Amino acid sequence: MKKFFIVIFLLLFVFTINAQTKIRIVENFCKDWKFHLGDIANGNDPSLNDNNWRLLNLPHDWSIEGEFSKDHPATPGGGALPGGIGWYRKSFFVSSDDKEKLFFIDFDGVYRNSEVWINGNYLGKRPYGYSSFRYELTPYLKFGEKNIIAVKVDNSLQPNSRWYSGSGIYRNVWLVKTNKVFVDHWGTYITTPVVNKNYAKVSIQIKVRNRYDKIIPVGVKTRIINSKDKIVAESETLKEIKSDSVAVINQEIEIANPELWSIENPELYKALTIIEVEGKIFDDYETTFGIRTFEFHPQKGFFLNGKHVKIKGVCNHHDLGCLGAAINERAIERQLEIMKAMGVNAIRTSHNPPAPELLNLCDKMGFIVMDEAFDMWKTKKTEYDYAMDWDKWYKRDLEDMILRDRNHPSIFIWSIGNEVMEQWIRDDSIGIVLTKELTKIVKNLDPTRPVTAACNGPEPENPLIKADVLDLIGFNYHHHLFEEFPKTYPGKKFIATETTSALATRGHYDMPSDSIRRWPKRWDLPLEDGNPDNTCSAYDNCSAPWGSTHEETWKIIKKHDFLSGMFIWTGFDYLGEPTPYSWPSRSSYFGIVDLAGFPKDVYYMYQSEWTDKPVLHVFPHWNWKEGQIIDVWAYTNCDEVELFLNGNSLGTKRKTGDDLHLMWRIKFSPGVLKAIGRKNGKEILVREIKTAKEPYKIALEADRKIIKADGKDLSFVTVKILDENNTLVPYADNLVNFEIEGEGKIIGVDNGSQTSHEPFKANYRRAFNGLCLVVIQSNEKPGKIKLTAKSENLLPSTIELETR
């Protein structure tokens with residue numbers, strides 16, 4: 001009976017804590033900013049008349065709103081979109097009742113060279129566009145009056161990136177209000193030094209700041225709450241904190257029968273830290289964490305919670321296609337859902353600290369993360385890049401990344417750099433010195449995770465490797481050296497930090513006479529829009545000289561346990577770096593999924609290898625010239641596949657050896673190509689590809705028909721061009737116009753074409769190989785949204801969505 005009352009008391013306490021008014025107030029500070037594109041001499045002046053400035057909500061990327069041009073200083077490598085200088089201003093009111101409170105503003109990321117003022121008072125500058133940072137506002141606030149915050153963003157010196165960076169306050173901003181005794185910024189650090197099936201020991205380091213001018217006795221209570229909102233453990237510490245100082249408080253808590261975080265079951269806990277002064281709660285600070293064990297072994301590879309796991313990862317840049325660099329949680333979630341369905345279990349944040357929302361989602365959805373700090377160190381890669389700011393800022397930026405991110409259970413690897421130029425300075429010790437210093441910075445803040453660097457010169461003479469402090473030897477490409485790793489690096493641990501760089505454009509195919517090459521026939525020439533003669537097909541046969549086909553690298557990785565895993569370049573196409581092409585190309589060809597989120601064919605090769613779901617994907621489309629020789633491929637995990645053309649069997653095929661696909665070489669005849677997949681002699685999958693007639697109508701398909709009425713949620717609507725028999729027309733490029741009514745708006749359109757110069761912010765889009773995309777964002781009112789798509793000589797289509 002005593003235990004019963006204790007349980008009831010604890011449940012009531014949890015309810016009370018969760019139901020009470022939050023002491024620490026963290027307000028999303030993204031609404032109703034004013035924006036001006038271009039420099040203004042007195043943009044920080046509180047008295048400036050900004051009535052004519054544009055009103056918008058953050059996050060915001062002004063570059064994505066521009067027109068494509070080869071003449072923009074960013075160059076096609078930077079996405080061929082404009083940079084420049086922009087100013088943001090926001091007015092806000094602080095109650096006179098809050099005079100004894102502290103106020104901070106947190107920026108998740110501003111690209112780049114941001115400077116911030118409050119009521120004309122300068123707060124500081126952060127050059128690195130990917131760092132999160134905080135300023136205190138308290139000393140300069142006008143309580144009971146209007147306050148003006150101003151932010152100057154300078155992305156005018158270009159090129160400064162090897163991919164599309166975006167411009168502006170492109171991540172979230174937060175206003176934080178606390179009492180004068182509070183958990184400091186990024187002030188908790190949670191580790192789990194002992195984990196077994198019976199219990200876990202949780203170590204918590206808490207930094208508590210006292211802003212009073214006297215010693216304050218403080219009670220620090222931490223309660224561990226599981227995913228069912230149940231308190232499972234707790235600890236309490238009493239501490240006197242000196243005036244205007246920070247005290248570090250260490251607590252150890254044991255959790256019985258812990259639920260372990262894993263890829264399949266990403267169980268999360270929450271540490272609720274409550275700061276009390278004289279019996280009154282002064283702060284309540286939440287830290288999400290997970291309990292798991294992991295190990296990289298020189299011979300056996302990677303283990304998570306004692307189970308061998310092959311890391312099946314992708315590299316991704318930070319842009320969200322037609323939304324640009326402006327982060328949106330649902331857009332990131334959609335990308336992760338598409339990757340999860342492919343069988344991906346790991347993400348590399350190429351090549352910079354990511355948005356916090358990405359890491360939160362990886363925690364919840366079960367992804368292993370390689371968190372990467374820099375693309376360059378002291379030696380530059382582009383004219384005006386971060387190397388200019390390296391000496392002054394690298395230590396602060398790296399420390400801030402580790403402090404911000406180290407509680408995320410999804411993070412398993414820290415990367416201190418990608419293909420840095422110091423690899424090639426071999427008559428100097430700079431590479432060795434910096435590798436040791438950066439690794440030491442990371443280890444001082446988090447000794448629990450391995451450190452690597454992504455090396456595209458992965459030989460022992462590489463100064464980064466020669467420094468002998470990297471926990472994992474990171475290989476970028478050089479798949480032909482993977483199998484020799486145990487001999488080259490005896491006792492060392494391997495990770496393929498970047499692989500493949502295979503090229504494909506969704507829906508384009510080269511036929512047998514062209515399909516044996518590994519690189520475009522003339523990669524030094526630009527890709528002409530609509531001319532397939534200088535592009536790579538979706539067949540697995542076209543890769544960069546430094547890379548491999550998709551099949552080549554995976555065959556090696558899957559064969560050896562000591563090869564812990566791989567990160568493919570890339571999961572998604574991304575803006576900028578259209579290597580090997582230049583203008584009119586303005587985005588990459590390396591993605592397994594195109595910029596609009598439509599999978600390319602090789603997506604299904606990985607799905608057949610990386611998932612347990614039945615897979616049968618047959619390609620190409622079936623619109624060719626009569627009698628033309630066509631290679632028909634199938635990606636499948638069926639035992640066998642039988643192919644039929646217009647009812648006539650073309651034979652049954654099985655994969656043998658290390659085959660990853662099946663192929664039939666046949667003469668084209670219009671009609672129906674049908675594939676039947678069997679397991680244990682039983683038919684389990686059927687796929688049909690039909691010869692399409694002329695474009696006849698439009699079809700609309702939404703990924704979600706019901707979205708939140710929060711002004712942020714999104715519905716991604718796929719637009720298909722069909723013939724009269726509902727067959728996708730694989731060559732259709734019809735111009736589609738969109739009309740929207742109700743509680744939503746169009747915030748982006750795309751089609752996945754790397755050479756399209758149509759604007760992303762528009763109410764029209766030309767289909768590319770039969771498809772395009774329109775992205776709808778909710779307003780803040782519940783209601784209906786009606787989207788209509790029209791095109792000349794096609795039947796229109798309408799879809800209804802709902803906001804709740």
# chains A, B, ... in the order shown; residues from 1 in each chain; ligands from 1
>>> residues_around(residues="Arg665 in chain A", least_positions_apart="6", cutoff="10 Å", atoms="only C-alpha atoms", output="JSON, numbers by chain")
{"A": [512, 629, 630, 631, 632, 633, 650]}
>>> select_by_dssp(residues="range 353-435 of chain A", states="helix (DSSP H, G or I)", output="PyMOL selection string")
chain A and resi 356-365+386-405+421-424+430-435
>>> write_last_selection(atoms="C-alpha atoms", output="PDB file, in the first residue's frame")
ATOM      1  CA  PRO A 356      18.618  22.067 -34.508  1.00  0.00           C
ATOM      2  CA  GLU A 357      15.349  20.776 -35.972  1.00  0.00           C
ATOM      3  CA  LEU A 358      17.234  18.221 -38.066  1.00  0.00           C
ATOM      4  CA  LEU A 359      18.920  16.767 -34.990  1.00  0.00           C
ATOM      5  CA  ASN A 360      15.658  16.735 -33.025  1.00  0.00           C
ATOM      6  CA  LEU A 361      14.013  14.776 -35.820  1.00  0.00           C
ATOM      7  CA  CYS A 362      16.936  12.364 -36.087  1.00  0.00           C
ATOM      8  CA  ASP A 363      16.588  11.745 -32.340  1.00  0.00           C
ATOM      9  CA  LYS A 364      12.873  10.997 -32.727  1.00  0.00           C
ATOM     10  CA  MET A 365      13.035   9.036 -35.987  1.00  0.00           C
ATOM     11  CA  TYR A 386      35.321  30.961 -43.833  1.00  0.00           C
ATOM     12  CA  ALA A 387      39.114  30.795 -44.087  1.00  0.00           C
ATOM     13  CA  MET A 388      38.984  34.597 -43.834  1.00  0.00           C
ATOM     14  CA  ASP A 389      37.492  34.268 -40.351  1.00  0.00           C
ATOM     15  CA  TRP A 390      39.282  31.107 -39.245  1.00  0.00           C
ATOM     16  CA  ASP A 391      41.910  32.511 -36.924  1.00  0.00           C
ATOM     17  CA  LYS A 392      39.480  34.541 -34.839  1.00  0.00           C
ATOM     18  CA  TRP A 393      36.451  32.255 -34.818  1.00  0.00           C
ATOM     19  CA  TYR A 394      37.244  28.545 -35.296  1.00  0.00           C
ATOM     20  CA  LYS A 395      37.600  27.741 -31.588  1.00  0.00           C
ATOM     21  CA  ARG A 396      34.379  29.524 -30.627  1.00  0.00           C
ATOM     22  CA  ASP A 397      32.418  28.041 -33.526  1.00  0.00           C
ATOM     23  CA  LEU A 398      33.585  24.488 -32.866  1.00  0.00           C
ATOM     24  CA  GLU A 399      32.960  24.754 -29.129  1.00  0.00           C
ATOM     25  CA  ASP A 400      29.495  26.159 -29.724  1.00  0.00           C
ATOM     26  CA  MET A 401      28.607  23.282 -32.039  1.00  0.00           C
ATOM     27  CA  ILE A 402      29.662  20.682 -29.479  1.00  0.00           C
ATOM     28  CA  LEU A 403      27.964  22.460 -26.576  1.00  0.00           C
ATOM     29  CA  ARG A 404      24.743  22.863 -28.534  1.00  0.00           C
ATOM     30  CA  ASP A 405      24.578  19.318 -29.932  1.00  0.00           C
ATOM     31  CA  MET A 421      43.238  21.880 -48.057  1.00  0.00           C
ATOM     32  CA  GLU A 422      45.678  21.292 -45.205  1.00  0.00           C
ATOM     33  CA  GLN A 423      45.715  17.644 -46.336  1.00  0.00           C
ATOM     34  CA  TRP A 424      47.908  18.664 -49.241  1.00  0.00           C
ATOM     35  CA  ILE A 430      49.911  22.978 -40.076  1.00  0.00           C
ATOM     36  CA  GLY A 431      47.629  19.991 -40.847  1.00  0.00           C
ATOM     37  CA  ILE A 432      49.002  17.976 -37.943  1.00  0.00           C
ATOM     38  CA  VAL A 433      48.821  20.919 -35.525  1.00  0.00           C
ATOM     39  CA  LEU A 434      45.243  21.844 -36.425  1.00  0.00           C
ATOM     40  CA  THR A 435      44.014  18.248 -36.346  1.00  0.00           C
TER      41      THR A 435
END
>>> closest_residue(among="A:Asp154, A:Asp32, A:Asp319, A:Glu688", to="Leu56 in chain A", atoms="only C-alpha atoms")
A:Asp32
>>> closest_residue(among="A:Arg330, A:His351, A:Arg687, A:His479", to="Arg704 in chain A", atoms="only C-alpha atoms")
A:Arg330
>>> closest_residue(among="A:Ile416, A:Ile40, A:Ala496, A:Ala200", to="Cys315 in chain A", atoms="only C-alpha atoms")
A:Ala496
>>> residues_around(residues="Val686 in chain A", least_positions_apart="2", cutoff="8 Å", atoms="only C-alpha atoms", output="VMD selection string")
chain A and resid 616 674 to 677 683 to 684 688
>>> residues_around(residues="Asp427 in chain A", least_positions_apart="6", cutoff="12 Å", atoms="only C-alpha atoms", output="list of chain:residue names")
A:Glu461, A:Asn462, A:Pro463
>>> write_last_selection(atoms="N, CA and C atoms", output="mmCIF file, in the first residue's frame")
data_model
loop_
_atom_site.group_PDB
_atom_site.id
_atom_site.type_symbol
_atom_site.label_atom_id
_atom_site.label_comp_id
_atom_site.auth_asym_id
_atom_site.auth_seq_id
_atom_site.Cartn_x
_atom_site.Cartn_y
_atom_site.Cartn_z
ATOM 1 N N GLU A 461 50.281 9.281 -45.277
ATOM 2 C CA GLU A 461 51.072 10.516 -45.296
ATOM 3 C C GLU A 461 50.216 11.759 -45.135
ATOM 4 N N ASN A 462 48.903 11.622 -45.240
ATOM 5 C CA ASN A 462 48.007 12.762 -45.041
ATOM 6 C C ASN A 462 48.250 13.340 -43.643
ATOM 7 N N PRO A 463 48.565 14.634 -43.527
ATOM 8 C CA PRO A 463 48.868 15.209 -42.206
ATOM 9 C C PRO A 463 47.750 15.011 -41.187
#
>>> residues_around(residues="Leu794 in chain A", least_positions_apart="4", cutoff="8 Å", atoms="only C-alpha atoms", output="number ranges by chain")
A: 695-698, 790
>>> write_last_selection(atoms="N, CA, C and O atoms", output="PDB file, in the first residue's frame")
ATOM      1  N   PRO A 695      -0.228  13.740 -73.740  1.00  0.00           N
ATOM      2  CA  PRO A 695      -0.743  14.314 -72.494  1.00  0.00           C
ATOM      3  C   PRO A 695      -2.218  14.687 -72.622  1.00  0.00           C
ATOM      4  O   PRO A 695      -2.636  15.280 -73.629  1.00  0.00           O
ATOM      5  N   TYR A 696      -2.978  14.330 -71.577  1.00  0.00           N
ATOM      6  CA  TYR A 696      -4.426  14.515 -71.646  1.00  0.00           C
ATOM      7  C   TYR A 696      -4.971  15.252 -70.427  1.00  0.00           C
ATOM      8  O   TYR A 696      -5.892  16.045 -70.546  1.00  0.00           O
ATOM      9  N   LYS A 697      -4.394  14.989 -69.248  1.00  0.00           N
ATOM     10  CA  LYS A 697      -4.963  15.591 -68.049  1.00  0.00           C
ATOM     11  C   LYS A 697      -3.899  15.721 -66.957  1.00  0.00           C
ATOM     12  O   LYS A 697      -2.798  15.183 -67.061  1.00  0.00           O
ATOM     13  N   ILE A 698      -4.286  16.444 -65.899  1.00  0.00           N
ATOM     14  CA  ILE A 698      -3.432  16.653 -64.734  1.00  0.00           C
ATOM     15  C   ILE A 698      -4.003  15.867 -63.557  1.00  0.00           C
ATOM     16  O   ILE A 698      -5.222  15.776 -63.397  1.00  0.00           O
ATOM     17  N   LYS A 790      -3.996  23.960 -63.780  1.00  0.00           N
ATOM     18  CA  LYS A 790      -4.494  24.071 -65.147  1.00  0.00           C
ATOM     19  C   LYS A 790      -3.322  24.127 -66.125  1.00  0.00           C
ATOM     20  O   LYS A 790      -2.253  24.643 -65.793  1.00  0.00           O
TER      21      LYS A 790
END
>>> residues_around(residues="Pro614 in chain A", least_positions_apart="2", cutoff="8 Å", atoms="only C-alpha atoms", output="list in words")
Ser608, Asp612, Leu616, Thr636, Asn637, Cys638, Ile684 and Leu685 of chain A
>>> residues_around(residues="Gly748 in chain A", least_positions_apart="5", cutoff="10 Å", atoms="only C-alpha atoms", output="PyMOL selection string")
chain A and resi 64-65+321-324+716+759-765+773-777
>>> write_last_selection(atoms="N, CA, C and O atoms", output="mmCIF file, in the first residue's frame")
data_model
loop_
_atom_site.group_PDB
_atom_site.id
_atom_site.type_symbol
_atom_site.label_atom_id
_atom_site.label_comp_id
_atom_site.auth_asym_id
_atom_site.auth_seq_id
_atom_site.Cartn_x
_atom_site.Cartn_y
_atom_site.Cartn_z
ATOM 1 N N ILE A 64 16.709 32.724 -52.440
ATOM 2 C CA ILE A 64 15.839 31.782 -53.147
ATOM 3 C C ILE A 64 14.721 32.509 -53.879
ATOM 4 O O ILE A 64 14.087 31.954 -54.785
ATOM 5 N N GLU A 65 14.478 33.766 -53.493
ATOM 6 C CA GLU A 65 13.442 34.568 -54.137
ATOM 7 C C GLU A 65 13.934 35.232 -55.419
ATOM 8 O O GLU A 65 13.146 35.820 -56.160
ATOM 9 N N GLY A 321 15.432 22.429 -51.306
ATOM 10 C CA GLY A 321 14.902 22.561 -52.656
ATOM 11 C C GLY A 321 14.313 23.933 -52.891
ATOM 12 O O GLY A 321 14.965 24.956 -52.656
ATOM 13 N N CYS A 322 13.060 23.973 -53.331
ATOM 14 C CA CYS A 322 12.436 25.244 -53.687
ATOM 15 C C CYS A 322 12.219 26.164 -52.493
ATOM 16 O O CYS A 322 11.919 27.344 -52.669
ATOM 17 N N LEU A 323 12.372 25.650 -51.269
ATOM 18 C CA LEU A 323 12.271 26.490 -50.082
ATOM 19 C C LEU A 323 13.600 27.145 -49.743
ATOM 20 O O LEU A 323 13.668 28.000 -48.859
ATOM 21 N N GLY A 324 14.648 26.735 -50.438
ATOM 22 C CA GLY A 324 15.961 27.313 -50.203
ATOM 23 C C GLY A 324 16.531 26.890 -48.873
ATOM 24 O O GLY A 324 16.318 25.777 -48.383
ATOM 25 N N PHE A 716 2.965 18.806 -49.477
ATOM 26 C CA PHE A 716 3.704 18.708 -50.731
ATOM 27 C C PHE A 716 2.809 18.004 -51.745
ATOM 28 O O PHE A 716 2.452 16.830 -51.568
ATOM 29 N N PRO A 759 11.416 30.518 -61.672
ATOM 30 C CA PRO A 759 11.558 30.871 -60.256
ATOM 31 C C PRO A 759 10.903 29.833 -59.350
ATOM 32 O O PRO A 759 9.909 29.200 -59.721
ATOM 33 N N PHE A 760 11.470 29.656 -58.150
ATOM 34 C CA PHE A 760 10.894 28.755 -57.166
ATOM 35 C C PHE A 760 9.686 29.374 -56.466
ATOM 36 O O PHE A 760 8.840 28.655 -55.941
ATOM 37 N N LYS A 761 9.649 30.687 -56.411
ATOM 38 C CA LYS A 761 8.539 31.384 -55.764
ATOM 39 C C LYS A 761 7.605 31.881 -56.865
ATOM 40 O O LYS A 761 7.756 32.986 -57.394
ATOM 41 N N ALA A 762 6.653 31.039 -57.249
ATOM 42 C CA ALA A 762 5.758 31.356 -58.359
ATOM 43 C C ALA A 762 4.493 30.524 -58.233
ATOM 44 O O ALA A 762 4.393 29.634 -57.380
ATOM 45 N N ASN A 763 3.501 30.820 -59.091
ATOM 46 C CA ASN A 763 2.267 30.029 -59.123
ATOM 47 C C ASN A 763 2.163 29.235 -60.421
ATOM 48 O O ASN A 763 1.072 28.948 -60.907
ATOM 49 N N TYR A 764 3.321 28.890 -60.977
ATOM 50 C CA TYR A 764 3.365 28.081 -62.188
ATOM 51 C C TYR A 764 4.645 27.269 -62.208
ATOM 52 O O TYR A 764 5.635 27.606 -61.545
ATOM 53 N N ARG A 765 4.639 26.188 -62.973
ATOM 54 C CA ARG A 765 5.848 25.384 -63.157
ATOM 55 C C ARG A 765 5.657 24.486 -64.357
ATOM 56 O O ARG A 765 4.573 23.932 -64.566
ATOM 57 N N LEU A 773 6.038 19.842 -58.765
ATOM 58 C CA LEU A 773 5.677 19.889 -57.352
ATOM 59 C C LEU A 773 5.207 21.284 -56.989
ATOM 60 O O LEU A 773 5.755 22.280 -57.453
ATOM 61 N N VAL A 774 4.182 21.351 -56.127
ATOM 62 C CA VAL A 774 3.776 22.623 -55.540
ATOM 63 C C VAL A 774 3.684 22.424 -54.034
ATOM 64 O O VAL A 774 3.157 21.414 -53.557
ATOM 65 N N VAL A 775 4.236 23.366 -53.283
ATOM 66 C CA VAL A 775 4.282 23.273 -51.822
ATOM 67 C C VAL A 775 3.317 24.286 -51.232
ATOM 68 O O VAL A 775 3.414 25.486 -51.509
ATOM 69 N N ILE A 776 2.391 23.779 -50.417
ATOM 70 C CA ILE A 776 1.353 24.607 -49.794
ATOM 71 C C ILE A 776 1.648 24.758 -48.315
ATOM 72 O O ILE A 776 1.927 23.785 -47.621
ATOM 73 N N GLN A 777 1.581 25.997 -47.840
ATOM 74 C CA GLN A 777 1.752 26.266 -46.412
ATOM 75 C C GLN A 777 0.438 26.757 -45.821
ATOM 76 O O GLN A 777 -0.283 27.549 -46.446
#
>>> closest_residue(among="A:Ile281, A:Leu771, A:Ile275, A:Leu175", to="Leu722 in chain A", atoms="only C-alpha atoms")
A:Leu771
>>> closest_residue(among="A:Gln251, A:Ser132, A:Thr755, A:Thr75", to="Ser165 in chain A", atoms="only C-alpha atoms")
A:Thr75
>>> atom_distance(atom1="CA of Ser756 in chain A", atom2="CA of Asn737 in chain A")
16.0 Å
>>> closest_residue(among="A:Met511, A:Val717, A:Val469, A:Ile332", to="Lys443 in chain A", atoms="only C-alpha atoms")
A:Val469
>>> select_by_dssp(residues="range 207-272 of chain A", states="strand (DSSP E or B)", output="PyMOL selection string")
chain A and resi 207-210+216-225+231-241+245-256+261+266+269-272
>>> atom_distance(atom1="CA of Asn160 in chain A", atom2="CA of Asn113 in chain A")
11.5 Å
>>> atom_distance(atom1="CA of Lys201 in chain A", atom2="CA of Asp184 in chain A")
23.7 Å
